[in-house]
$ cat my_file-v9.pdb   # PDB, C-alpha atoms
ATOM      1  CA  MET B 210     124.752 -47.621  31.535  1.00  0.00           C
ATOM      2  CA  GLN B 211     121.148 -47.249  30.535  1.00  0.00           C
ATOM      3  CA  ALA B 212     119.450 -49.321  27.807  1.00  0.00           C
ATOM      4  CA  ILE B 213     117.045 -47.450  25.531  1.00  0.00           C
ATOM      5  CA  GLN B 214     115.138 -48.245  22.347  1.00  0.00           C
ATOM      6  CA  ASP B 215     114.995 -46.068  19.275  1.00  0.00           C
ATOM      7  CA  LYS B 216     111.773 -45.395  17.345  1.00  0.00           C
ATOM      8  CA  ASN B 217     112.252 -48.655  15.416  1.00  0.00           C
ATOM      9  CA  GLY B 218     112.594 -50.707  18.586  1.00  0.00           C
ATOM     10  CA  VAL B 219     116.359 -51.192  18.209  1.00  0.00           C
ATOM     11  CA  LYS B 220     118.129 -51.413  21.554  1.00  0.00           C
ATOM     12  CA  HIS B 221     120.866 -48.876  22.268  1.00  0.00           C
ATOM     13  CA  PHE B 222     122.950 -48.144  25.319  1.00  0.00           C
ATOM     14  CA  LEU B 223     123.468 -44.668  26.684  1.00  0.00           C
ATOM     15  CA  ILE B 224     127.181 -44.347  27.423  1.00  0.00           C
ATOM     16  CA  THR B 225     129.453 -41.552  28.569  1.00  0.00           C
ATOM     17  CA  LEU B 226     132.842 -41.330  26.920  1.00  0.00           C
ATOM     18  CA  ASN B 227     135.573 -39.214  28.512  1.00  0.00           C
ATOM     19  CA  VAL B 228     137.684 -38.369  25.479  1.00  0.00           C
ATOM     20  CA  ASN B 229     140.684 -36.044  25.619  1.00  0.00           C
ATOM     21  CA  GLY B 230     139.307 -34.371  28.724  1.00  0.00           C
ATOM     22  CA  ASP B 231     135.802 -33.826  27.324  1.00  0.00           C
ATOM     23  CA  SER B 232     132.692 -35.805  28.220  1.00  0.00           C
ATOM     24  CA  TYR B 233     130.264 -37.085  25.582  1.00  0.00           C
ATOM     25  CA  THR B 234     127.023 -38.970  26.131  1.00  0.00           C
ATOM     26  CA  LYS B 235     126.023 -41.124  23.170  1.00  0.00           C
ATOM     27  CA  ALA B 236     123.395 -43.742  22.399  1.00  0.00           C
ATOM     28  CA  VAL B 237     125.194 -46.655  20.734  1.00  0.00           C
ATOM     29  CA  LYS B 238     124.217 -50.103  19.560  1.00  0.00           C
ATOM     30  CA  ALA B 239     125.600 -52.986  21.590  1.00  0.00           C
ATOM     31  CA  ASN B 240     127.918 -53.956  18.722  1.00  0.00           C
ATOM     32  CA  ALA B 241     129.279 -50.448  18.033  1.00  0.00           C
ATOM     33  CA  LEU B 242     133.065 -50.420  17.944  1.00  0.00           C
ATOM     34  CA  LEU B 243     134.947 -47.643  19.704  1.00  0.00           C
ATOM     35  CA  VAL B 244     136.874 -46.724  16.538  1.00  0.00           C
ATOM     36  CA  ASN B 245     133.604 -46.066  14.698  1.00  0.00           C
ATOM     37  CA  VAL B 246     132.119 -44.014  17.526  1.00  0.00           C
ATOM     38  CA  LEU B 247     135.285 -41.903  17.758  1.00  0.00           C
ATOM     39  CA  ARG B 248     135.491 -41.327  14.006  1.00  0.00           C
ATOM     40  CA  ASN B 249     131.831 -41.127  13.008  1.00  0.00           C
ATOM     41  CA  GLU B 250     130.080 -39.784  16.099  1.00  0.00           C
ATOM     42  CA  LEU B 251     132.789 -37.545  17.584  1.00  0.00           C
ATOM     43  CA  ASP B 252     134.625 -36.649  14.338  1.00  0.00           C
ATOM     44  CA  LEU B 253     137.987 -37.656  15.831  1.00  0.00           C
ATOM     45  CA  THR B 254     139.454 -38.972  12.599  1.00  0.00           C
ATOM     46  CA  GLY B 255     143.058 -39.109  13.775  1.00  0.00           C
ATOM     47  CA  THR B 256     142.255 -42.615  14.986  1.00  0.00           C
ATOM     48  CA  LYS B 257     142.674 -44.642  11.807  1.00  0.00           C
ATOM     49  CA  LYS B 258     140.900 -47.743  10.559  1.00  0.00           C
ATOM     50  CA  GLY B 259     143.302 -50.217   9.028  1.00  0.00           C
ATOM     51  CA  CYS B 260     142.962 -53.961   9.224  1.00  0.00           C
ATOM     52  CA  GLU B 261     139.892 -53.953  11.498  1.00  0.00           C
ATOM     53  CA  LEU B 262     141.290 -57.167  12.996  1.00  0.00           C
ATOM     54  CA  GLY B 263     143.465 -55.795  15.790  1.00  0.00           C
ATOM     55  CA  ASP B 264     146.688 -56.546  13.917  1.00  0.00           C
ATOM     56  CA  CYS B 265     147.986 -53.230  12.552  1.00  0.00           C
ATOM     57  CA  GLY B 266     147.629 -50.804  15.482  1.00  0.00           C
ATOM     58  CA  SER B 267     146.506 -47.853  13.355  1.00  0.00           C
ATOM     59  CA  CYS B 268     143.395 -47.587  15.550  1.00  0.00           C
ATOM     60  CA  THR B 269     145.367 -47.453  18.813  1.00  0.00           C
ATOM     61  CA  VAL B 270     143.980 -45.183  21.529  1.00  0.00           C
ATOM     62  CA  LEU B 271     144.775 -45.019  25.224  1.00  0.00           C
ATOM     63  CA  LEU B 272     142.113 -46.427  27.532  1.00  0.00           C
ATOM     64  CA  ASP B 273     142.864 -45.437  31.112  1.00  0.00           C
ATOM     65  CA  GLY B 274     146.438 -44.812  29.950  1.00  0.00           C
ATOM     66  CA  LYS B 275     146.954 -48.192  28.282  1.00  0.00           C
ATOM     67  CA  PRO B 276     147.117 -48.730  24.513  1.00  0.00           C
ATOM     68  CA  VAL B 277     144.192 -50.658  23.022  1.00  0.00           C
ATOM     69  CA  ASP B 278     143.041 -51.455  19.497  1.00  0.00           C
ATOM     70  CA  SER B 279     139.825 -49.464  19.245  1.00  0.00           C
ATOM     71  CA  CYS B 280     138.703 -51.599  16.287  1.00  0.00           C
ATOM     72  CA  MET B 281     138.411 -54.548  18.663  1.00  0.00           C
ATOM     73  CA  LEU B 282     136.757 -52.763  21.585  1.00  0.00           C
ATOM     74  CA  LEU B 283     133.023 -52.381  21.922  1.00  0.00           C
ATOM     75  CA  ALA B 284     132.183 -48.781  22.758  1.00  0.00           C
ATOM     76  CA  VAL B 285     130.042 -49.895  25.711  1.00  0.00           C
ATOM     77  CA  TYR B 286     133.212 -51.174  27.412  1.00  0.00           C
ATOM     78  CA  ALA B 287     134.659 -47.657  27.281  1.00  0.00           C
ATOM     79  CA  ASP B 288     131.703 -46.233  29.218  1.00  0.00           C
ATOM     80  CA  GLY B 289     132.994 -43.918  31.951  1.00  0.00           C
ATOM     81  CA  ARG B 290     136.651 -44.594  31.184  1.00  0.00           C
ATOM     82  CA  LYS B 291     139.372 -42.152  30.164  1.00  0.00           C
ATOM     83  CA  ILE B 292     140.149 -42.254  26.439  1.00  0.00           C
ATOM     84  CA  THR B 293     143.026 -40.425  24.779  1.00  0.00           C
ATOM     85  CA  THR B 294     143.191 -40.130  21.000  1.00  0.00           C
ATOM     86  CA  ILE B 295     145.954 -38.509  18.972  1.00  0.00           C
ATOM     87  CA  GLU B 296     143.913 -35.292  19.012  1.00  0.00           C
ATOM     88  CA  GLY B 297     144.383 -35.185  22.791  1.00  0.00           C
ATOM     89  CA  VAL B 298     148.182 -35.385  22.746  1.00  0.00           C
ATOM     90  CA  ALA B 299     148.956 -31.850  21.569  1.00  0.00           C
ATOM     91  CA  GLN B 300     148.224 -29.095  24.065  1.00  0.00           C
ATOM     92  CA  ASN B 301     147.069 -25.612  23.053  1.00  0.00           C
ATOM     93  CA  ASP B 302     147.660 -26.422  19.368  1.00  0.00           C
ATOM     94  CA  LYS B 303     151.309 -27.207  20.102  1.00  0.00           C
ATOM     95  CA  MET B 304     152.744 -30.657  19.508  1.00  0.00           C
ATOM     96  CA  ASP B 305     154.152 -32.346  22.576  1.00  0.00           C
ATOM     97  CA  LYS B 306     157.809 -33.376  22.697  1.00  0.00           C
ATOM     98  CA  LEU B 307     157.099 -36.895  21.423  1.00  0.00           C
ATOM     99  CA  GLN B 308     155.233 -35.606  18.371  1.00  0.00           C
ATOM    100  CA  GLU B 309     158.007 -33.076  17.726  1.00  0.00           C
ATOM    101  CA  SER B 310     160.579 -35.835  18.027  1.00  0.00           C
ATOM    102  CA  PHE B 311     158.742 -37.929  15.422  1.00  0.00           C
ATOM    103  CA  ALA B 312     158.911 -34.960  13.028  1.00  0.00           C
ATOM    104  CA  GLU B 313     162.538 -34.082  13.820  1.00  0.00           C
ATOM    105  CA  ASN B 314     163.736 -37.682  13.448  1.00  0.00           C
ATOM    106  CA  ALA B 315     161.923 -38.371  10.155  1.00  0.00           C
ATOM    107  CA  ALA B 316     159.799 -41.043  11.842  1.00  0.00           C
ATOM    108  CA  VAL B 317     156.828 -40.163   9.646  1.00  0.00           C
ATOM    109  CA  GLN B 318     156.303 -40.918   6.002  1.00  0.00           C
ATOM    110  CA  CYS B 319     152.712 -41.520   4.901  1.00  0.00           C
ATOM    111  CA  GLY B 320     151.527 -40.852   8.464  1.00  0.00           C
ATOM    112  CA  TYR B 321     148.826 -43.507   8.591  1.00  0.00           C
ATOM    113  CA  CYS B 322     150.437 -45.486  11.423  1.00  0.00           C
ATOM    114  CA  THR B 323     151.778 -42.424  13.231  1.00  0.00           C
ATOM    115  CA  PRO B 324     148.835 -41.722  15.576  1.00  0.00           C
ATOM    116  CA  GLY B 325     148.902 -45.284  16.898  1.00  0.00           C
ATOM    117  CA  MET B 326     152.696 -45.278  17.161  1.00  0.00           C
ATOM    118  CA  VAL B 327     152.682 -42.007  19.097  1.00  0.00           C
ATOM    119  CA  LEU B 328     150.034 -43.258  21.531  1.00  0.00           C
ATOM    120  CA  SER B 329     151.808 -46.581  22.126  1.00  0.00           C
ATOM    121  CA  ALA B 330     155.062 -44.704  22.722  1.00  0.00           C
ATOM    122  CA  LYS B 331     153.327 -42.185  24.983  1.00  0.00           C
ATOM    123  CA  ALA B 332     151.970 -45.017  27.134  1.00  0.00           C
ATOM    124  CA  LEU B 333     155.482 -46.450  27.404  1.00  0.00           C
ATOM    125  CA  LEU B 334     157.067 -43.127  28.375  1.00  0.00           C
ATOM    126  CA  THR B 335     154.418 -42.615  31.055  1.00  0.00           C
ATOM    127  CA  ILE B 336     155.401 -45.812  32.858  1.00  0.00           C
ATOM    128  CA  ASN B 337     159.065 -45.881  31.796  1.00  0.00           C
ATOM    129  CA  PRO B 338     160.516 -42.412  31.149  1.00  0.00           C
ATOM    130  CA  HIS B 339     163.955 -43.840  30.284  1.00  0.00           C
ATOM    131  CA  PRO B 340     163.314 -46.854  28.049  1.00  0.00           C
ATOM    132  CA  THR B 341     165.897 -48.934  26.249  1.00  0.00           C
ATOM    133  CA  GLU B 342     165.705 -49.613  22.534  1.00  0.00           C
ATOM    134  CA  LEU B 343     164.239 -53.029  23.339  1.00  0.00           C
ATOM    135  CA  ASP B 344     161.584 -51.428  25.575  1.00  0.00           C
ATOM    136  CA  VAL B 345     160.545 -49.150  22.705  1.00  0.00           C
ATOM    137  CA  ARG B 346     160.457 -51.986  20.181  1.00  0.00           C
ATOM    138  CA  GLU B 347     158.286 -54.057  22.524  1.00  0.00           C
ATOM    139  CA  ALA B 348     155.936 -51.119  23.166  1.00  0.00           C
ATOM    140  CA  ILE B 349     155.338 -50.517  19.449  1.00  0.00           C
ATOM    141  CA  ALA B 350     155.260 -54.202  18.492  1.00  0.00           C
ATOM    142  CA  GLY B 351     151.504 -54.006  17.920  1.00  0.00           C
ATOM    143  CA  ASN B 352     151.858 -51.116  15.474  1.00  0.00           C
ATOM    144  CA  LEU B 353     152.793 -51.865  11.884  1.00  0.00           C
ATOM    145  CA  CYS B 354     154.609 -49.439   9.599  1.00  0.00           C
ATOM    146  CA  ARG B 355     155.168 -50.319   5.968  1.00  0.00           C
ATOM    147  CA  CYS B 356     156.823 -47.058   4.928  1.00  0.00           C
ATOM    148  CA  THR B 357     159.641 -46.111   7.257  1.00  0.00           C
ATOM    149  CA  GLY B 358     160.618 -49.299   8.977  1.00  0.00           C
ATOM    150  CA  TYR B 359     161.173 -48.805  12.655  1.00  0.00           C
ATOM    151  CA  VAL B 360     164.670 -47.354  13.036  1.00  0.00           C
ATOM    152  CA  ASN B 361     163.629 -43.693  13.001  1.00  0.00           C
ATOM    153  CA  ILE B 362     160.526 -44.387  15.074  1.00  0.00           C
ATOM    154  CA  VAL B 363     162.638 -45.990  17.808  1.00  0.00           C
ATOM    155  CA  LYS B 364     165.155 -43.145  17.483  1.00  0.00           C
ATOM    156  CA  ALA B 365     162.351 -40.578  17.896  1.00  0.00           C
ATOM    157  CA  VAL B 366     160.987 -42.217  21.047  1.00  0.00           C
ATOM    158  CA  LEU B 367     164.455 -42.487  22.594  1.00  0.00           C
ATOM    159  CA  ALA B 368     165.195 -38.841  21.719  1.00  0.00           C
ATOM    160  CA  ALA B 369     161.934 -37.722  23.353  1.00  0.00           C
ATOM    161  CA  ALA B 370     162.842 -39.725  26.455  1.00  0.00           C
ATOM    162  CA  ASP B 371     166.262 -38.069  26.585  1.00  0.00           C
ATOM    163  CA  GLU B 372     164.596 -34.636  26.579  1.00  0.00           C
ATOM    164  CA  ALA B 373     162.515 -35.495  29.639  1.00  0.00           C
TER     165      ALA B 373
END

$ encode --input "my_file-v9.pdb" --output "structure tokens"
Amino acid sequence: MQAIQDKNGVKHFLITLNVNGDSYTKAVKANALLVNVLRNELDLTGTKKGCELGDCGSCTVLLDGKPVDSCMLLAVYADGRKITTIEGVAQNDKMDKLQESFAENAAVQCGYCTPGMVLSAKALLTINPHPTELDVREAIAGNLCRCTGYVNIVKAVLAAADEA
């Protein structure tokens, strides 16, 4: 990671973000949060900003396959690492089976929490393709939903696992 100064003498760091299979080199301030870089610099607005305290999970992305709250992660710590946002889940403009299962099982209402829920569930299914209900509930424990409750979300994840 290279440190540079802008024309006003403000220090920035040149970082490379590997997002959804694409590589981006950006100059960011040391205090730039990953959620803001994703949304404002890369226009990946599927990653939501909610509490900005790491409590709600609406900003969840996968960092090297593990769910993280991007509102709590400095962008410089993501330098050179693999990042997956909700935009990277669908392939060839077709939802993957987990996204389809969320739709089929009415696990979406307002949709604000859905990207984070899907990514947390995707991380679970990667390491545990046949989870129990408790496994699913633990995996999404960091994601809050005020609309649907969690019954249909858990049902959707279990249904997607059954299809695997």

$ residues_around --input "my_file-v9.pdb" --residues "Gly255 in chain B" --least-positions-apart "6" --cutoff "12 Å" --atoms "all atoms listed in the file" --output "PyMOL selection string"
chain B and resi 244-245+247-249+267-270+293-298+320-328

$ atom_distance --input "my_file-v9.pdb" --atom1 "CA of Ser329 in chain B" --atom2 "CA of Asn240 in chain B"
25.2 Å

$ closest_residue --input "my_file-v9.pdb" --among "B:Leu272, B:Val360, B:Leu253, B:Val285" --to "Ala239 in chain B" --atoms "all atoms listed in the file"
B:Val285

$ resolve_selection --input "my_file-v9.pdb" --expression "the PyMOL selection byres ((chain B and resi 278) around 6)" --output "ChimeraX atom specification"
/B:263,268-269,277,279-281

$ write_last_selection --input "my_file-v9.pdb" --atoms "C-alpha atoms" --output "short mmCIF file (atom, residue, chain, number, x, y, z; two decimals), keeping the file's coordinate frame"
data_model
loop_
_atom_site.label_atom_id
_atom_site.label_comp_id
_atom_site.auth_asym_id
_atom_site.auth_seq_id
_atom_site.Cartn_x
_atom_site.Cartn_y
_atom_site.Cartn_z
CA GLY B 263 143.46 -55.80 15.79
CA CYS B 268 143.40 -47.59 15.55
CA THR B 269 145.37 -47.45 18.81
CA VAL B 277 144.19 -50.66 23.02
CA SER B 279 139.82 -49.46 19.24
CA CYS B 280 138.70 -51.60 16.29
CA MET B 281 138.41 -54.55 18.66
#

$ atom_distance --input "my_file-v9.pdb" --atom1 "CA of Cys354 in chain B" --atom2 "CA of Asp371 in chain B"
23.5 Å

$ closest_residue --input "my_file-v9.pdb" --among "B:Ile213, B:Leu283, B:Ala370, B:Cys356" --to "Cys319 in chain B" --atoms "only C-alpha atoms"
B:Cys356

$ residues_around --input "my_file-v9.pdb" --residues "Arg290 in chain B" --least-positions-apart "4" --cutoff "9 Å" --atoms "only C-alpha atoms" --output "ChimeraX atom specification"
/B:225-228,272-273,286

$ closest_residue --input "my_file-v9.pdb" --among "B:Leu343, B:Val219, B:Cys260, B:Val246" --to "Lys364 in chain B" --atoms "all atoms listed in the file"
B:Leu343

$ atom_distance --input "my_file-v9.pdb" --atom1 "CA of Gly351 in chain B" --atom2 "CA of Pro276 in chain B"
9.5 Å

$ closest_residue --input "my_file-v9.pdb" --among "B:Leu307, B:Thr335, B:Asn217, B:Leu242" --to "Leu262 in chain B" --atoms "only C-alpha atoms"
B:Leu242

$ resolve_selection --input "my_file-v9.pdb" --expression "the PyMOL selection byres ((chain B and resi 238) around 8)" --output "list in words"
Lys220, His221, Phe222, Ala236, Val237, Ala239, Asn240 and Ala241 of chain B

$ residues_around --input "my_file-v9.pdb" --residues "Met210 in chain B" --least-positions-apart "3" --cutoff "8 Å" --atoms "only C-alpha atoms" --output "MDAnalysis selection string"
chainID B and resid 222:224 288

$ residues_near_point --input "my_file-v9.pdb" --point "(160.0, -34.5, 17.8)" --cutoff "12 Å" --atoms "all atoms listed in the file" --output "NGL selection string"
:B and (299 or 303-317 or 327 or 361-372)

$ resolve_selection --input "my_file-v9.pdb" --expression "the PyMOL selection byres ((chain B and resi 352) around 6)" --output "list in words"
Cys265, Gly266, Ile349, Ala350, Gly351 and Leu353 of chain B

$ closest_residue --input "my_file-v9.pdb" --among "B:Val345, B:Ala330, B:Leu243, B:Gln211" --to "Lys257 in chain B" --atoms "only C-alpha atoms"
B:Leu243
